[in-house]
Structure formats: C-alpha cells, structure tokens
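S.K.: Can you keep this structure in mind? I'll have questions shortly.
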Amino acid sequence: MTDTPATWPKDIYAALKALDVHHVPYVPDAGHTRLIDLCLGDNEMSAVPLTTEEEGVAMLAGSWLGGKRGTLLMQSSGIGNCVNMYSTIKVGRYPLLTLITMRGQWGEANPWQLPMGQNAAEILRLSGFQVFSLDEAEMAGEIVSAGGRTAFEANQMVAVLISQRVVGSKAFAPAEAN
Amino acid sequence: MWDRNRAESYPLHRRDVVEHLIKDMDDLLIVAGLGAPAWDTTAAGDRDLIYPLWGAMGGTAMIGLGLALSQPERRVLVITGDGDMLMGMGSLATIALQRPSNLSIVVLDNERYGETGMQATHTAGPVDLAAVAHSCGFEQAATLYDEEEFDHATPTILEGEGPLFFVIKIRAEDPPLVLPPRDGAHLKDRFRMALLGSEKGVNPAA
C-alpha cells in the first residue's frame, strides 16, 4: 500500500457521469466514502442518504418511471435488506445498477459480516441480478460502464461487487495489540 | 390502548376520498400503494399516469420520491395505506431530508391490514403517523377526520408546497374489488410512454 489515494472512486464517478446517472441513493460505507462525496458535491446529481437500503431500490423504480437513471450504493450487508423490493424491479423489468462494497471476504475481522458477505453473489443471482466482480481497482471504470450499459439499455438488474481487496479490510486494532 | 373497532365508525369512505382527489386531475403523477389504495385509484378511473402496486410493501413513498426528483415540475401524489406506511416509516426521514416541493403523500388510514383479513394495525393504537412525519421534518403533516377537514385540505394536497403528508382516517370497510392491470412491466411502460413519449418511454437509449 502507498499513501497515494486510490483512483477507482473517481473512475467510477466518471463512469456514472458518462452513463447519465442523476440519482445516487446510498447507505454509507467506508469504502464508498470518496464516491459519495463526489456525488454529493455534484449539482447535477441527487445523492440521497437512506435509512435502509430497500428505500433506494424503491426510489430508483420511481426515478426510472420519471425518466432519470440512478445507481444504488451500499455495503454487502445491505443486500439482504432489499430482497423483497428486488421483486418490484424484476416484475417491472426495470433497470437497476447497484455498486456494492464487500465485507465478509478478504481479511474480514468481524464475524458478523461473514453471512451476508459470503452469500452476496448467490442472493443477488437468485433475486435476478447479473453479478460482476471488481477485483482489480484499475478495472473499476470499465466494469461500471459495461454493467451500466446492460442495466440501462437492456433493462437488467446488475450488481457490481467491489472486492474487499480493492476497498481494503477494516482494522479494529493495531497489529501490535494482538 | 389498542382500539380495534373504532375505525368502523369513521365517517369518511375511502372510495369517495380517492375519487374526490384524483377524478379529472389528469396531470397528476400517481403512485398507489398495494392493496386497497390501488383498487381505489382503479375504481376512480384507471389511467396510464397511475402506477398501482401489487407488491413493494413499504416502498410506495420512496417510489414517489424518485418520481418527484425526476419530474420536479409535475405534482406527484402518493396514495397509500397505513400498513404500507408503517413498514416504510424510515422513508419519511429520507424524504424530509430531500424536501421535494412537488410531493404529496396521502395515507388512507383504516387502522387495518385490509388484504390479509382486516387485522388491526399500530395506528389503531398510539401510533400517530402525521406526528412521525412532522418529527421527521415535514412542516405540513396533519390527520383529517371528517368531510369538512378533508375539503379544506384538498387544495393543499393537490397544489401546496411540499413535501406534504396527510393521514385521512377512513372507515374500516371492504368495498368491491376493482383491479388494475397486474403486469409490472406493462404498468411501467405505459406510465413512461404517457409521461416521456412513446419512443423514450420504451427505448431508454433513444
């Protein structure tokens, strides 16, 4: 690791702008901090903090009804909070693009994150999503662009799972304390 | 206190309320919550710019928010029930923070879960949804109990500065089913075509 800030949040932001994304509902995650800040600072975007992730799924159905594109940002633990609301998207054949920062995989130190993290892709696939994995930071822009095209132009549900290797795993204690 | 019978004597009838609100108001963009509210809007006259839900419980107000943010020049009216609103109470916090000036939320409150056998909800007890909305930041949030209060509030619901939140206490009754189309993709496409034009409505790349 170096001290140079990662460029992948900016690459994703640029991809969302190119996709004409206007609405960005989110539940914060440490891994999404910079992307959320970029969206909050953009006057052409509505970045909408949610109390629970399923609100964002419903909101983006409304956004699409009104002619605007959006993207839901969440952490992997939010996937399960949305499961019934995904039905609305699937039955309505709405597009849905969600970018999910992963917990419960690479170097996870909180066992409570593991059940959702380990089952994330399966739950999403069972709910009707195409699942893309972002394991290399330099692929971020390209994967979000590709996923967005499929979502918005083919009316598909697309989830991009941003690996904990890209985001970085959360430290609960300095190494020497253990 | 959980008075599971009092709603049987509320004077307002749901079908009258909904017809009064939306009949001939063809410019409204309407999202109708699952169950009886969707049957009510259909009874008042199904049309393309009504999006009736057959599911999505807890999400009706948020669909309204997405629509209101997309179409800031159009009035968006969410008509839903107390059960749906109770399930999505957190969305009142989310919506109040966004302050959409074109969004009105009307909760038809019969204090029952109508589709599952008319079991009492929390609003038959101490829960005051208008007070919840007000606490979240809705400056205009009120509960209406009779025809006079409803008539007085109607122009505000339809034209007032949002976000607006009105609970309308309605009689617990079970009017005949009047069902909207049930295919979700059809309902979405007809709404978008009516709002955005037939080409953009079904071809997002256009």
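Quick note on naming: the chains in the structure tokens go A, B, ... in the order shown, residues restart at 1 in each chain, and ligands are numbered from 1 in order of appearance.
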Residues of region 67-131 of chain B classed as alpha helix (DSSP H) by DSSP on the backbone are to be reported as a PyMOL selection string.
M.R.: chain B and resi 67-70+82-87+90-98+129-131
S.K.: Report as an MDAnalysis selection string all protein, DNA and RNA residues lying within 9 Å of region 112-120 of chain A, evaluated on only C-alpha atoms, omitting residues in the same chain fewer than 4 positions from it.
M.R.: chainID A and resid 76:80 102:105 108 124:125 161
S.K.: Residues of chain A within 12 Å of chain B, counting only C-alpha atoms - could you list those as an MDAnalysis selection string?
M.R.: chainID A and resid 19:27 44:71 82:95 148:155
S.K.: Between CA of Cys39 (chain A) and CA of Tyr13 (chain A), what distance in Å does the model show, to one decimal?
M.R.: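 CA of Tyr13 (chain A) lies 7.5 Å from CA of Cys39 (chain A).
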S.K.: So how far away is CA of Ser145 (chain A) from CA of Lys170 (chain A), in Å?
M.R.: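 Here the two named atoms are 27.5 Å from each other.
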S.K.: Can you list every residue in region 26-130 of chain B that DSSP puts in strand (DSSP E), as JSON, numbers by chain?
M.R.: {"B": [29, 30, 31, 32, 50, 51, 52, 76, 77, 78, 79, 80, 81, 103, 104, 105, 106, 107, 108, 109, 112, 113, 119, 120]}
S.K.: Could you write those residues out with C-alpha atoms, as an mmCIF file, in the first residue's frame?
M.R.:
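Just written: result.cif:
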data_model
loop_
_atom_site.group_PDB
_atom_site.id
_atom_site.type_symbol
_atom_site.label_atom_id
_atom_site.label_comp_id
_atom_site.auth_asym_id
_atom_site.auth_seq_id
_atom_site.Cartn_x
_atom_site.Cartn_y
_atom_site.Cartn_z
ATOM 1 C CA LEU B 29 -48.418 11.556 -11.410
ATOM 2 C CA ILE B 30 -49.888 8.997 -9.032
ATOM 3 C CA VAL B 31 -48.306 6.082 -7.190
ATOM 4 C CA ALA B 32 -50.894 3.891 -5.457
ATOM 5 C CA ILE B 50 -51.315 5.957 -12.264
ATOM 6 C CA TYR B 51 -48.758 3.396 -11.163
ATOM 7 C CA PRO B 52 -50.651 0.899 -8.991
ATOM 8 C CA VAL B 76 -46.575 13.659 -7.591
ATOM 9 C CA LEU B 77 -49.285 12.171 -5.390
ATOM 10 C CA VAL B 78 -48.633 9.049 -3.341
ATOM 11 C CA ILE B 79 -51.818 7.366 -2.140
ATOM 12 C CA THR B 80 -51.180 4.504 0.203
ATOM 13 C CA GLY B 81 -52.373 2.719 3.311
ATOM 14 C CA LEU B 103 -44.561 15.552 -3.480
ATOM 15 C CA SER B 104 -47.773 14.902 -1.540
ATOM 16 C CA ILE B 105 -48.267 11.734 0.478
ATOM 17 C CA VAL B 106 -51.783 10.696 1.447
ATOM 18 C CA VAL B 107 -52.231 7.785 3.823
ATOM 19 C CA LEU B 108 -55.700 6.233 3.771
ATOM 20 C CA ASP B 109 -55.760 5.060 7.364
ATOM 21 C CA ARG B 112 -56.307 -2.302 9.336
ATOM 22 C CA TYR B 113 -54.327 -4.658 7.135
ATOM 23 C CA GLN B 119 -56.316 -7.218 11.269
ATOM 24 C CA ALA B 120 -55.695 -4.063 13.301
#
S.K.: Report, in Å to a single decimal, how far apart CA of Pro9 (chain A) and CA of Ala137 (chain A) are.
M.R.: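 Separation of CA of Ala137 (chain A) and CA of Pro9 (chain A): 9.1 Å.
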